[in-house]
$ cat input_26.txt   # compact mmCIF, C-alpha atoms
# COMPACT_ATOMS: atom_id res chain seq x y z
CA MET T 22 -93.16 10.75 31.65
CA ILE T 23 -89.83 11.47 33.40
CA GLU T 24 -89.13 14.49 35.59
CA PHE T 25 -85.97 15.40 37.48
CA GLN T 26 -86.40 17.99 40.22
CA ASP T 27 -83.00 19.35 41.34
CA VAL T 28 -81.50 15.85 41.20
CA HIS T 29 -77.79 15.60 41.95
CA LYS T 30 -75.27 12.84 42.51
CA ALA T 31 -71.88 12.73 44.25
CA TYR T 32 -69.52 9.84 44.96
CA ALA T 33 -67.23 9.43 47.95
CA VAL T 34 -63.70 8.70 46.73
CA ASN T 35 -60.84 8.41 49.23
CA GLY T 36 -62.75 10.49 51.71
CA GLN T 37 -63.57 13.20 49.18
CA SER T 38 -66.90 14.00 47.55
CA ILE T 39 -66.75 13.91 43.74
CA THR T 40 -69.73 15.45 41.96
CA ALA T 41 -70.96 13.47 38.93
CA LEU T 42 -74.23 15.34 38.38
CA GLN T 43 -74.92 18.92 39.36
CA PRO T 44 -78.48 19.80 40.53
CA THR T 45 -80.52 19.07 37.42
CA SER T 46 -84.14 19.66 36.46
CA LEU T 47 -85.33 17.87 33.33
CA GLN T 48 -88.54 16.68 31.68
CA VAL T 49 -88.94 13.89 29.13
CA GLN T 50 -92.32 13.78 27.41
CA PRO T 51 -94.37 10.58 26.84
CA GLY T 52 -93.57 8.80 23.59
CA GLU T 53 -90.53 10.84 22.62
CA ILE T 54 -86.96 9.75 22.00
CA PHE T 55 -84.78 11.93 24.19
CA GLY T 56 -81.02 11.85 23.66
CA LEU T 57 -78.20 12.81 26.00
CA ILE T 58 -74.88 13.56 24.35
CA GLY T 59 -71.58 14.34 25.97
CA HIS T 60 -67.94 13.31 26.07
CA SER T 61 -66.67 10.70 28.53
CA GLY T 62 -67.09 11.86 32.11
CA ALA T 63 -69.83 14.36 31.28
CA GLY T 64 -72.31 12.63 33.61
CA LYS T 65 -74.74 11.23 31.05
CA SER T 66 -74.49 7.58 32.22
CA THR T 67 -75.01 8.67 35.81
CA LEU T 68 -78.14 10.60 34.85
CA LEU T 69 -79.53 7.66 32.87
CA ARG T 70 -78.97 5.17 35.68
CA LEU T 71 -80.65 7.47 38.19
CA ILE T 72 -83.96 7.05 36.32
CA ASN T 73 -84.37 3.46 37.54
CA ARG T 74 -82.15 3.98 40.61
CA LEU T 75 -79.32 1.77 39.48
CA GLU T 76 -77.52 4.79 40.91
CA GLU T 77 -78.90 6.32 44.10
CA PRO T 78 -79.38 10.10 43.94
CA SER T 79 -77.66 12.26 46.53
CA GLY T 80 -80.65 14.59 46.53
CA GLY T 81 -83.69 15.80 44.62
CA ARG T 82 -86.78 13.97 43.35
CA ILE T 83 -87.27 11.69 40.34
CA ILE T 84 -90.85 11.32 39.12
CA VAL T 85 -91.53 8.63 36.50
CA ASP T 86 -95.04 8.20 35.12
CA GLY T 87 -96.43 9.81 38.25
CA ILE T 88 -94.37 7.67 40.64
CA ASP T 89 -91.86 9.25 43.03
CA VAL T 90 -89.03 6.81 42.37
CA THR T 91 -86.86 8.33 45.11
CA ALA T 92 -89.48 7.34 47.72
CA LEU T 93 -89.81 3.67 46.75
CA ASP T 94 -88.74 0.92 49.14
CA ALA T 95 -86.92 -2.19 47.91
CA GLN T 96 -90.10 -4.07 46.98
CA GLY T 97 -91.64 -1.07 45.25
CA LEU T 98 -88.41 -0.47 43.34
CA ARG T 99 -88.40 -4.07 42.05
CA ARG T 100 -91.95 -3.66 40.73
CA PHE T 101 -91.10 -0.28 39.22
CA ARG T 102 -88.06 -1.63 37.35
CA GLN T 103 -90.29 -4.08 35.49
CA ARG T 104 -91.78 -1.01 33.77
CA VAL T 105 -88.36 0.23 32.65
CA GLY T 106 -86.35 -1.72 30.08
CA MET T 107 -82.61 -1.19 29.72
CA ILE T 108 -80.21 -1.86 26.84
CA PHE T 109 -76.50 -1.99 27.63
CA GLN T 110 -73.41 -1.09 25.63
CA HIS T 111 -71.82 -4.54 25.94
CA PHE T 112 -75.08 -6.54 25.68
CA ASN T 113 -74.83 -8.20 29.15
CA LEU T 114 -76.17 -11.52 27.87
CA LEU T 115 -75.78 -14.78 29.81
CA SER T 116 -73.32 -16.83 27.76
CA SER T 117 -74.62 -20.16 29.14
CA LYS T 118 -78.22 -19.41 28.10
CA THR T 119 -79.74 -19.60 24.63
CA VAL T 120 -81.15 -16.53 22.92
CA ALA T 121 -84.67 -17.57 23.91
CA ASN T 122 -83.69 -18.13 27.53
CA ASN T 123 -81.91 -14.77 27.71
CA VAL T 124 -85.09 -13.04 26.53
CA ALA T 125 -87.22 -15.13 28.91
CA MET T 126 -85.11 -14.31 31.97
CA PRO T 127 -86.97 -11.11 33.06
CA LEU T 128 -90.30 -12.89 32.68
CA LYS T 129 -89.16 -15.83 34.80
CA LEU T 130 -87.86 -13.49 37.49
CA ALA T 131 -91.16 -11.57 37.52
CA GLY T 132 -93.02 -14.84 38.09
CA GLU T 133 -96.31 -13.57 36.69
CA LEU T 134 -96.66 -15.71 33.55
CA SER T 135 -96.91 -19.45 32.99
CA GLY T 136 -94.30 -21.37 31.03
CA VAL T 137 -96.58 -21.45 27.97
CA GLN T 138 -97.20 -17.70 28.19
CA ILE T 139 -93.47 -16.99 28.53
CA LYS T 140 -92.69 -19.11 25.47
CA GLN T 141 -95.35 -17.29 23.46
CA ARG T 142 -94.05 -13.88 24.57
CA VAL T 143 -90.45 -14.81 23.69
CA THR T 144 -91.55 -15.98 20.24
CA GLU T 145 -93.30 -12.64 19.64
CA LEU T 146 -90.29 -10.62 20.78
CA LEU T 147 -87.76 -12.55 18.69
CA SER T 148 -89.99 -12.08 15.66
CA ARG T 149 -90.16 -8.33 16.32
CA VAL T 150 -86.36 -7.99 16.38
CA GLY T 151 -85.81 -10.35 13.44
CA LEU T 152 -84.18 -13.24 15.32
CA SER T 153 -86.79 -16.00 15.16
CA GLU T 154 -84.39 -18.43 13.52
CA HIS T 155 -81.73 -17.83 16.19
CA ALA T 156 -83.81 -18.74 19.24
CA ASN T 157 -81.75 -21.81 20.15
CA LYS T 158 -78.33 -20.32 19.51
CA TYR T 159 -75.96 -19.06 22.21
CA PRO T 160 -74.56 -15.51 22.39
CA ALA T 161 -71.11 -16.67 21.20
CA GLN T 162 -72.71 -17.75 17.92
CA LEU T 163 -74.14 -14.28 17.19
CA SER T 164 -72.76 -11.13 15.64
CA GLY T 165 -72.59 -7.90 17.63
CA GLY T 166 -75.73 -6.56 15.99
CA GLN T 167 -77.61 -9.77 16.70
CA LYS T 168 -76.52 -9.69 20.35
CA GLN T 169 -77.85 -6.16 20.68
CA ARG T 170 -81.15 -7.24 19.13
CA VAL T 171 -81.37 -9.94 21.81
CA GLY T 172 -80.72 -7.19 24.36
CA ILE T 173 -83.56 -5.13 22.91
CA ALA T 174 -85.94 -8.11 22.96
CA ARG T 175 -85.00 -8.81 26.58
CA ALA T 176 -85.57 -5.16 27.50
CA LEU T 177 -89.06 -5.33 25.98
CA ALA T 178 -89.98 -8.61 27.70
CA THR T 179 -91.97 -7.14 30.60
CA ASP T 180 -93.83 -4.68 28.34
CA PRO T 181 -92.15 -1.56 29.77
CA LYS T 182 -93.28 2.02 29.25
CA ILE T 183 -89.72 3.36 29.16
CA LEU T 184 -86.59 2.12 27.41
CA LEU T 185 -83.15 3.27 28.58
CA CYS T 186 -80.27 2.87 26.12
CA ASP T 187 -76.77 3.07 27.59
CA GLU T 188 -74.44 3.67 24.58
CA ALA T 189 -76.38 0.90 22.83
CA THR T 190 -74.59 1.28 19.47
CA SER T 191 -71.05 2.33 20.40
CA ALA T 192 -69.70 -1.24 20.09
CA LEU T 193 -71.20 -1.73 16.62
CA ASP T 194 -70.01 -0.98 13.08
CA PRO T 195 -71.77 1.85 11.14
CA GLN T 196 -74.07 -0.40 9.08
CA THR T 197 -75.18 -2.40 12.12
CA THR T 198 -75.61 0.83 14.10
CA ALA T 199 -77.99 2.12 11.44
CA GLN T 200 -80.03 -1.10 11.59
CA VAL T 201 -80.29 -1.05 15.39
CA LEU T 202 -81.25 2.63 15.42
CA GLN T 203 -83.97 1.97 12.83
CA LEU T 204 -85.29 -0.83 15.03
CA LEU T 205 -85.47 1.55 18.00
CA VAL T 206 -87.39 4.09 15.92
CA GLU T 207 -89.87 1.39 14.83
CA ILE T 208 -90.35 0.26 18.43
CA ASN T 209 -90.91 3.86 19.52
CA ARG T 210 -93.57 4.40 16.85
CA GLU T 211 -95.35 1.06 17.10
CA LEU T 212 -95.38 0.67 20.89
CA GLY T 213 -95.42 4.33 21.90
CA LEU T 214 -92.43 3.75 24.18
CA THR T 215 -90.59 6.66 25.74
CA ILE T 216 -86.88 6.16 24.97
CA VAL T 217 -83.93 7.84 26.66
CA LEU T 218 -80.57 7.15 25.05
CA ILE T 219 -77.06 8.36 25.75
CA THR T 220 -74.28 8.61 23.22
CA HIS T 221 -71.13 10.51 22.33
CA GLU T 222 -71.98 10.38 18.60
CA MET T 223 -73.94 13.27 17.13
CA ASP T 224 -75.05 11.17 14.15
CA VAL T 225 -77.00 8.90 16.52
CA ILE T 226 -78.87 11.92 17.91
CA ARG T 227 -79.61 13.24 14.42
CA ARG T 228 -80.99 9.92 13.18
CA VAL T 229 -83.46 9.03 15.93
CA CYS T 230 -84.02 11.71 18.58
CA ASP T 231 -86.82 14.23 18.94
CA ARG T 232 -85.09 16.29 21.63
CA VAL T 233 -81.58 16.35 23.03
CA GLY T 234 -79.67 17.47 26.09
CA VAL T 235 -75.97 18.30 25.77
CA MET T 236 -73.96 17.49 28.89
CA ASP T 237 -70.64 18.77 30.15
CA ALA T 238 -69.10 18.38 33.62
CA GLY T 239 -72.32 17.09 35.16
CA VAL T 240 -74.51 19.85 33.73
CA ILE T 241 -77.02 19.92 30.88
CA VAL T 242 -75.59 22.98 29.16
CA GLU T 243 -78.10 23.10 26.29
CA SER T 244 -81.34 21.30 25.43
CA GLY T 245 -84.24 21.47 23.02
CA GLN T 246 -85.42 20.14 19.67
CA VAL T 247 -82.60 18.39 17.83
CA SER T 248 -82.91 20.69 14.82
CA ASP T 249 -82.69 23.81 17.01
CA VAL T 250 -79.77 22.61 19.14
CA PHE T 251 -77.54 21.31 16.37
CA LEU T 252 -78.36 23.73 13.58
CA HIS T 253 -78.10 26.74 15.90
CA PRO T 254 -75.75 25.67 18.72
CA LYS T 255 -75.29 28.25 21.46
CA HIS T 256 -73.05 26.63 24.05
CA GLU T 257 -69.39 26.01 23.20
CA THR T 258 -69.72 22.29 24.03
CA THR T 259 -72.52 21.91 21.47
CA GLN T 260 -70.51 23.94 18.97
CA ARG T 261 -67.58 21.55 19.41
CA PHE T 262 -69.81 18.54 18.72
CA VAL T 263 -71.08 20.20 15.55
CA GLN T 264 -67.55 21.11 14.47
CA GLU T 265 -66.24 17.60 15.19
CA SER T 266 -68.92 16.13 12.92
CA GLU T 267 -67.83 18.22 9.94
CA GLU T 268 -65.41 16.87 7.37
CA ASP T 269 -62.65 19.36 8.19
CA PRO T 270 -63.05 20.16 11.90
CA ASP T 271 -59.52 21.60 12.18
CA ILE T 272 -60.05 24.30 9.58
CA SER T 273 -60.62 27.72 11.11
CA ARG T 274 -63.66 29.13 9.31
CA GLU T 275 -62.74 32.63 10.41
CA GLU T 276 -59.40 32.34 8.62
CA GLU T 277 -61.12 31.02 5.51
CA TYR T 278 -63.61 33.88 5.53
CA GLN T 279 -60.80 36.43 5.46
CA LYS T 280 -59.92 35.23 1.95
CA VAL T 281 -63.25 36.27 0.45
CA SER T 282 -65.02 39.59 0.08
CA GLY T 283 -68.67 40.41 0.60
CA ARG T 284 -71.35 39.86 3.20
CA ILE T 285 -71.16 36.38 4.77
CA VAL T 286 -74.38 34.66 5.80
CA ARG T 287 -75.35 31.20 6.98
CA LEU T 288 -78.59 29.81 5.60
CA THR T 289 -80.46 27.02 7.42
CA PHE T 290 -83.07 25.03 5.51
CA LEU T 291 -85.66 22.72 7.07
CA GLY T 292 -88.28 20.59 5.38
CA GLU T 293 -89.50 21.48 1.90
CA SER T 294 -87.23 24.53 1.54
CA THR T 295 -84.14 22.26 1.69
CA TYR T 296 -84.51 21.14 -1.93
CA ALA T 297 -86.30 24.17 -3.37
CA PRO T 298 -84.38 26.11 -6.10
CA LEU T 299 -84.37 29.30 -4.04
CA LEU T 300 -80.83 30.61 -4.46
CA GLY T 301 -80.94 30.98 -8.24
CA LYS T 302 -84.38 32.61 -8.12
CA VAL T 303 -83.36 35.11 -5.43
CA ALA T 304 -80.08 35.89 -7.19
CA ARG T 305 -81.88 36.67 -10.45
CA GLU T 306 -84.49 38.86 -8.81
CA THR T 307 -82.10 40.85 -6.59
CA GLY T 308 -78.94 40.93 -8.71
CA VAL T 309 -76.87 39.38 -5.92
CA ASP T 310 -73.93 37.13 -6.72
CA TYR T 311 -73.01 34.43 -4.22
CA SER T 312 -70.10 32.10 -3.51
CA ILE T 313 -70.63 28.91 -1.48
CA LEU T 314 -68.02 28.73 1.30
CA ALA T 315 -69.34 25.68 3.15
CA GLY T 316 -72.40 23.49 3.13
CA ARG T 317 -74.08 20.26 4.09
CA ILE T 318 -77.40 18.60 3.30
CA GLY T 319 -78.79 15.79 5.40
CA ARG T 320 -81.65 14.70 7.62
CA ILE T 321 -82.61 15.10 11.25
CA LYS T 322 -84.76 12.04 11.94
CA ASP T 323 -87.49 12.28 9.26
CA GLN T 324 -86.89 15.90 8.34
CA ALA T 325 -84.65 17.11 5.52
CA CYS T 326 -82.26 19.88 6.55
CA GLY T 327 -79.29 21.78 5.21
CA GLN T 328 -76.91 24.64 5.94
CA LEU T 329 -75.00 26.79 3.46
CA THR T 330 -72.49 29.51 4.23
CA LEU T 331 -72.42 32.10 1.44
CA ALA T 332 -70.52 35.24 0.54
CA LEU T 333 -72.92 37.75 -1.03
CA THR T 334 -71.68 40.53 -3.31
CA GLY T 335 -73.39 43.20 -5.41
CA GLY T 336 -77.08 43.78 -5.96
CA LYS T 337 -79.65 44.17 -3.21
CA GLU T 338 -78.20 41.98 -0.47
CA GLN T 339 -80.71 42.78 2.26
CA LEU T 340 -83.63 42.23 -0.11
CA ALA T 341 -82.15 38.85 -1.02
CA GLU T 342 -81.95 37.92 2.66
CA GLN T 343 -85.54 39.00 3.22
CA GLN T 344 -86.78 36.92 0.29
CA LEU T 345 -85.00 33.89 1.72
CA ARG T 346 -86.58 34.49 5.13
CA ASP T 347 -90.01 34.82 3.51
CA ALA T 348 -89.42 31.39 1.93
CA GLY T 349 -88.85 29.84 5.36
CA VAL T 350 -85.05 29.95 5.41
CA HIS T 351 -83.27 30.97 8.60
CA VAL T 352 -80.66 33.63 7.74
CA GLU T 353 -77.79 34.38 10.11
CA VAL T 354 -75.35 37.18 9.28
CA LEU T 355 -71.79 36.08 10.14
CA ARG T 356 -70.06 39.12 8.69
CA PRO T 357 -71.88 42.33 7.58

$ encode --input "input_26.txt" --output "structure tokens"
Amino acid sequence: MIEFQDVHKAYAVNGQSITALQPTSLQVQPGEIFGLIGHSGAGKSTLLRLINRLEEPSGGRIIVDGIDVTALDAQGLRRFRQRVGMIFQHFNLLSSKTVANNVAMPLKLAGELSGVQIKQRVTELLSRVGLSEHANKYPAQLSGGQKQRVGIARALATDPKILLCDEATSALDPQTTAQVLQLLVEINRELGLTIVLITHEMDVIRRVCDRVGVMDAGVIVESGQVSDVFLHPKHETTQRFVQESEEDPDISREEEYQKVSGRIVRLTFLGESTYAPLLGKVARETGVDYSILAGRIGRIKDQACGQLTLALTGGKEQLAEQQLRDAGVHVEVLRP
């Protein structure tokens, strides 16, 4: 659905060229939710805004649904942008317009529907985002979550194929964030929309994304399925995100491991194996004792997952590891 071919972006600042995005090649598949995560200044907002040319690329090609976006003239770009909805961090609603009129604005600008058709479309969209009873209110009368729902309805107004989310939940409290993310997942499933979202919060990626790209200094340093990237991070930037999301990110695990004896392994569980009583069974059959050094159980989108770091002592340690692998558990030896 979206393809970047050696796309890069630089800004001229005080006569100097500042690179925001290094030459990047990227593919986003139809119907998936693709996340971009990175700290401030990583280049993720620049990359997102290149998709619909809110930022002009300095070079490379951007292909969206078979259209070479970089080759479009002004008129072609206006038509193309009707196929791409965008949700903003700070809502960008018109304070002097009602909720209904904010949602209707893209349809009025497109000029393709009658007044009756626009009203019907707005009614459908407000019902989808759960704001039917707020149609005649103004943005100042709404909560942050409600404002973002208006933003989502407005982004869906022209029936786009792609939805771009620019830090759509960073201004919201945790409970409201969860509700908005669930709404995005429902929209993705029901409408088959391709969604690209950027965030600096790993929990957002875990909850909704199918694949993720990790950005640092204008480069996608690691990408792939969310479960692969965050359960088995390879690049130091990804490792920092994982560490920051843990309860005690300042604790040096290496120092903690020095306090225990035995073989140290990290077990990664996905799907059904997450809740299976494997450890006790393997311990009994192999005579291995284990101590739990660290662990977490959670979900990545719809899939249960977990990681445990264990110290193994006594018995047949390698047989125990093999039995765990045979049961679908990924075993990583941290210390032989």

$ residues_around --input "input_26.txt" --residues "Val303 of chain T" --least-positions-apart "5" --cutoff "10 Å" --atoms "all atoms listed in the file" --output "PDB file with C-alpha atoms, in the frame of the given file"
ATOM      1  CA  PRO T 298     -84.380  26.110  -6.100  1.00  0.00           C
ATOM      2  CA  GLY T 308     -78.940  40.930  -8.710  1.00  0.00           C
ATOM      3  CA  VAL T 309     -76.870  39.380  -5.920  1.00  0.00           C
ATOM      4  CA  ASP T 310     -73.930  37.130  -6.720  1.00  0.00           C
ATOM      5  CA  GLU T 338     -78.200  41.980  -0.470  1.00  0.00           C
ATOM      6  CA  LEU T 340     -83.630  42.230  -0.110  1.00  0.00           C
ATOM      7  CA  ALA T 341     -82.150  38.850  -1.020  1.00  0.00           C
ATOM      8  CA  GLU T 342     -81.950  37.920   2.660  1.00  0.00           C
ATOM      9  CA  GLN T 343     -85.540  39.000   3.220  1.00  0.00           C
ATOM     10  CA  GLN T 344     -86.780  36.920   0.290  1.00  0.00           C
ATOM     11  CA  LEU T 345     -85.000  33.890   1.720  1.00  0.00           C
TER      12      LEU T 345
END

$ residues_around --input "input_26.txt" --residues "Gln48 of chain T" --least-positions-apart "3" --cutoff "10 Å" --atoms "only C-alpha atoms" --output "ChimeraX atom specification"
/T:22-26,51,55,84-85

$ residues_around --input "input_26.txt" --residues "Ile58 of chain T" --least-positions-apart "5" --cutoff "6 Å" --atoms "only C-alpha atoms" --output "PyMOL selection string"
chain T and resi 219-221+235

$ residues_around --input "input_26.txt" --residues "Val201 of chain T" --least-positions-apart "2" --cutoff "10 Å" --atoms "all atoms listed in the file" --output "ChimeraX atom specification"
/T:150,166-167,169-170,173,189-190,193,195-199,203-207

$ write_last_selection --input "input_26.txt" --atoms "C-alpha atoms" --output "compact mmCIF listing (two decimals), in the coordinates of the input"
# COMPACT_ATOMS: atom_id res chain seq x y z
CA VAL T 150 -86.36 -7.99 16.38
CA GLY T 166 -75.73 -6.56 15.99
CA GLN T 167 -77.61 -9.77 16.70
CA GLN T 169 -77.85 -6.16 20.68
CA ARG T 170 -81.15 -7.24 19.13
CA ILE T 173 -83.56 -5.13 22.91
CA ALA T 189 -76.38 0.90 22.83
CA THR T 190 -74.59 1.28 19.47
CA LEU T 193 -71.20 -1.73 16.62
CA PRO T 195 -71.77 1.85 11.14
CA GLN T 196 -74.07 -0.40 9.08
CA THR T 197 -75.18 -2.40 12.12
CA THR T 198 -75.61 0.83 14.10
CA ALA T 199 -77.99 2.12 11.44
CA GLN T 203 -83.97 1.97 12.83
CA LEU T 204 -85.29 -0.83 15.03
CA LEU T 205 -85.47 1.55 18.00
CA VAL T 206 -87.39 4.09 15.92
CA GLU T 207 -89.87 1.39 14.83

$ closest_residue --input "input_26.txt" --among "T:His111, T:Arg261, T:Arg104, T:Lys30" --to "Thr215 of chain T" --atoms "all atoms listed in the file"
T:Arg104

$ closest_residue --input "input_26.txt" --among "T:His351, T:Ser191, T:Leu177, T:Ala95" --to "Asp249 of chain T" --atoms "all atoms listed in the file"
T:His351

$ atom_distance --input "input_26.txt" --atom1 "atom CA of Arg82 of chain T" --atom2 "atom CA of Ile208 of chain T"
28.7 Å

$ closest_residue --input "input_26.txt" --among "T:Gly316, T:Gly349, T:Gly245, T:Gly301" --to "Val49 of chain T" --atoms "all atoms listed in the file"
T:Gly245

$ residues_near_point --input "input_26.txt" --point "(-85.9, 15.1, 21.5)" --cutoff "8 Å" --atoms "only C-alpha atoms" --output "ChimeraX atom specification"
/T:53-56,230-233,245-247

$ atom_distance --input "input_26.txt" --atom1 "atom CA of Pro357 of chain T" --atom2 "atom CA of Gln264 of chain T"
22.7 Å

$ residues_around --input "input_26.txt" --residues "segment 241-243 of chain T" --least-positions-apart "4" --cutoff "10 Å" --atoms "all atoms listed in the file" --output "PyMOL selection string"
chain T and resi 42-47+57-59+63-65+233-237+250+254-259

$ write_last_selection --input "input_26.txt" --atoms "C-alpha atoms" --output "compact mmCIF listing (two decimals), keeping the file's coordinate frame"
# COMPACT_ATOMS: atom_id res chain seq x y z
CA LEU T 42 -74.23 15.34 38.38
CA GLN T 43 -74.92 18.92 39.36
CA PRO T 44 -78.48 19.80 40.53
CA THR T 45 -80.52 19.07 37.42
CA SER T 46 -84.14 19.66 36.46
CA LEU T 47 -85.33 17.87 33.33
CA LEU T 57 -78.20 12.81 26.00
CA ILE T 58 -74.88 13.56 24.35
CA GLY T 59 -71.58 14.34 25.97
CA ALA T 63 -69.83 14.36 31.28
CA GLY T 64 -72.31 12.63 33.61
CA LYS T 65 -74.74 11.23 31.05
CA VAL T 233 -81.58 16.35 23.03
CA GLY T 234 -79.67 17.47 26.09
CA VAL T 235 -75.97 18.30 25.77
CA MET T 236 -73.96 17.49 28.89
CA ASP T 237 -70.64 18.77 30.15
CA VAL T 250 -79.77 22.61 19.14
CA PRO T 254 -75.75 25.67 18.72
CA LYS T 255 -75.29 28.25 21.46
CA HIS T 256 -73.05 26.63 24.05
CA GLU T 257 -69.39 26.01 23.20
CA THR T 258 -69.72 22.29 24.03
CA THR T 259 -72.52 21.91 21.47

$ closest_residue --input "input_26.txt" --among "T:Ile139, T:Leu291, T:Leu152, T:Leu218" --to "Leu252 of chain T" --atoms "only C-alpha atoms"
T:Leu291
